Each structure stands twice: as C-alpha cells, then as structure tokens.
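protein.pdb follows; it contains PDB, C-alpha atoms.
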```pdb
ATOM      1  CA  MET O   1      88.583 115.503  79.333
ATOM      2  CA  ALA O   2      86.824 114.189  82.442
ATOM      3  CA  ASN O   3      83.558 115.722  81.243
ATOM      4  CA  GLU O   4      84.002 113.881  77.968
ATOM      5  CA  PHE O   5      83.576 110.542  79.746
ATOM      6  CA  LYS O   6      80.210 111.518  81.238
ATOM      7  CA  SER O   7      78.565 111.261  77.812
ATOM      8  CA  TYR O   8      79.898 107.724  77.189
ATOM      9  CA  SER O   9      77.803 104.633  77.771
ATOM     10  CA  ALA O  10      78.989 102.040  80.295
ATOM     11  CA  GLU O  11      80.114  99.708  77.493
ATOM     12  CA  ASP O  12      82.065 102.514  75.822
ATOM     13  CA  LEU O  13      83.732 103.378  79.120
ATOM     14  CA  GLN O  14      84.698  99.750  79.670
ATOM     15  CA  TYR O  15      86.159  99.592  76.164
ATOM     16  CA  GLU O  16      88.059 102.866  76.710
ATOM     17  CA  LEU O  17      89.404 101.557  80.019
ATOM     18  CA  GLU O  18      90.672  98.335  78.463
ATOM     19  CA  SER O  19      92.267 100.129  75.509
ATOM     20  CA  ALA O  20      93.877 102.733  77.800
ATOM     21  CA  GLN O  21      95.320  99.989  80.001
ATOM     22  CA  VAL O  22      96.751  98.186  76.967
ATOM     23  CA  LYS O  23      98.174 101.466  75.673
ATOM     24  CA  TYR O  24      99.742 102.195  79.062
ATOM     25  CA  GLN O  25     101.388  98.756  79.234
ATOM     26  CA  LYS O  26     102.759  99.170  75.709
ATOM     27  CA  LEU O  27     104.084 102.646  76.483
ATOM     28  CA  ARG O  28     105.751 101.400  79.673
ATOM     29  CA  PHE O  29     107.417  98.593  77.759
ATOM     30  CA  ASP O  30     108.547 100.956  75.011
ATOM     31  CA  HIS O  31     109.860 103.419  77.577
ATOM     32  CA  THR O  32     111.824 100.691  79.330
ATOM     33  CA  THR O  33     113.355  99.241  76.194
ATOM     34  CA  LEU O  34     113.758 102.196  73.845
ATOM     35  CA  GLY O  35     112.890 105.270  75.845
ATOM     36  CA  LEU O  36     110.037 107.579  74.948
ATOM     37  CA  GLU O  37     110.495 110.945  73.327
ATOM     38  CA  ASN O  38     107.991 112.405  75.797
ATOM     39  CA  PRO O  39     107.691 110.312  78.982
ATOM     40  CA  LYS O  40     104.941 112.633  80.322
ATOM     41  CA  ILE O  41     102.511 110.699  78.132
ATOM     42  CA  LEU O  42     102.722 107.865  80.668
ATOM     43  CA  THR O  43     101.301 110.201  83.306
ATOM     44  CA  GLU O  44      98.561 111.402  80.982
ATOM     45  CA  VAL O  45      97.443 107.872  80.108
ATOM     46  CA  ARG O  46      97.553 106.817  83.765
ATOM     47  CA  ARG O  47      95.377 109.795  84.692
ATOM     48  CA  ASP O  48      92.931 108.955  81.905
ATOM     49  CA  ILE O  49      92.648 105.450  83.343
ATOM     50  CA  ALA O  50      91.902 106.942  86.768
ATOM     51  CA  ARG O  51      89.290 109.302  85.297
ATOM     52  CA  ILE O  52      87.527 106.424  83.555
ATOM     53  CA  LYS O  53      87.566 104.287  86.711
ATOM     54  CA  THR O  54      86.204 107.218  88.717
ATOM     55  CA  GLU O  55      83.338 107.706  86.273
ATOM     56  CA  LEU O  56      82.512 103.972  86.311
ATOM     57  CA  ARG O  57      82.541 103.888  90.122
ATOM     58  CA  GLY O  58      80.389 107.012  90.325
ATOM     59  CA  ARG O  59      77.813 105.392  88.076
ATOM     60  CA  GLU O  60      77.965 102.208  90.148
ATOM     61  CA  ILE O  61      77.318 104.157  93.347
ATOM     62  CA  SER O  62      74.477 106.188  91.818
ATOM     63  CA  ALA O  63      72.801 102.932  90.733
ATOM     64  CA  MET O  64      72.816 101.536  94.276
ATOM     65  CA  ASP O  65      69.588 101.348  96.238
ATOM     66  CA  ALA O  66      69.193 102.766  99.752
ATOM     67  CA  GLU O  67      70.095  99.485 101.470
ATOM     68  CA  GLN O  68      73.338  99.134  99.521
ATOM     69  CA  LEU O  69      74.230 102.751 100.220
ATOM     70  CA  ALA O  70      73.579 102.224 103.930
ATOM     71  CA  GLY O  71      75.882  99.210 103.915
ATOM     72  CA  ARG O  72      78.495 101.218 102.103
ATOM     73  CA  THR O  73      78.327 103.903 104.763
ATOM     74  CA  LYS O  74      78.927 101.319 107.494
ATOM     75  CA  ILE O  75      82.031 100.109 105.691
ATOM     76  CA  ARG O  76      83.310 103.652 105.264
ATOM     77  CA  ASN O  77      82.674 104.368 108.954
ATOM     78  CA  ARG O  78      84.583 101.252 110.031
ATOM     79  CA  ARG O  79      87.528 102.279 107.849
ATOM     80  CA  ARG O  80      87.470 105.781 109.284
ATOM     81  CA  ASP O  81      87.313 104.508 112.871
ATOM     82  CA  GLY O  82      90.142 102.054 112.281
ATOM     83  CA  ARG O  83      88.226  98.874 113.053
TER      84      ARG O  83
END
```

What does the file become when written as structure tokens?
Amino acid sequence: MANEFKSYSAEDLQYELESAQVKYQKLRFDHTTLGLENPKILTEVRRDIARIKTELRGREISAMDAEQLAGRTKIRNRRRDGR
C-alpha cells in the first residue's frame, strides 16, 4: 500500500491524511463506546496515517535546495551529539 501513495499528488495525499485521521478518531470512539468487531483495524489505519506522513515528508525533503538540506544536516548532527 505504501507504493500506492507514491502515485498520488500532494493535494490527494493531504486529503487522504485528513480523511484517515477522521476515520481513526471515529474508530477509536466507536471502540471505546461499543467495541469493534476487529480492533486490529485501528492499527491498520494508524499505519496508513504514518505511511502518508512519511511520503509527504519525503517529498518535502526532496524539494529542498542545497542550503536547506545543509541546515537540516546540522540539526540532525546536533540531535545525534546531544546538544
């Protein structure tokens, strides 16, 4: 399913993310109040949300210019070094 998101446009991904988040909230509420027949669906929807966010972030990083990428590397290095 992760490869499926690669063919989506940025607007479609944003729409899918919003609808998946709404679906997840509704499923959580239903699970709390009534109980779900298959609670594993919560995990599946949560993973779909993560896949969509990963694809959006990957596109954001690939659209960065060299200066932004250099700044990003400095931030990652500071986090790694514990500063």

| query | What lies within 10 Å of region 43-60 of chain O using only C-alpha atoms, ignoring chain neighbours under 5 positions off, as an MDAnalysis selection string? | reply | chainID O and resid 1:6 8:10 13:14 16:21 23:25 27

| message | What's the separation between CA of Leu69 (chain O) and CA of Ser7 (chain O), in Å to one decimal place? | response | 24.4 Å

Kindly list the centre and edge lengths in Å, rounded to one decimal, for the axis-aligned box that covers all listed atoms of region 20-37 of chain O plus 5 Å on each of its six sides, as AutoDock Vina command-line options.
```
--center_x 103.8 --center_y 104.6 --center_z 76.7 --size_x 29.9 --size_y 22.8 --size_z 16.7
```

| request: For CA of Leu42 (chain O) and CA of Asp12 (chain O), quote the distance in Å rounded to one decimal. | output: 21.9 Å

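From CA of Tyr15 (chain O) back to CA of Asn38 (chain O), the distance works out to 25.3 Å.
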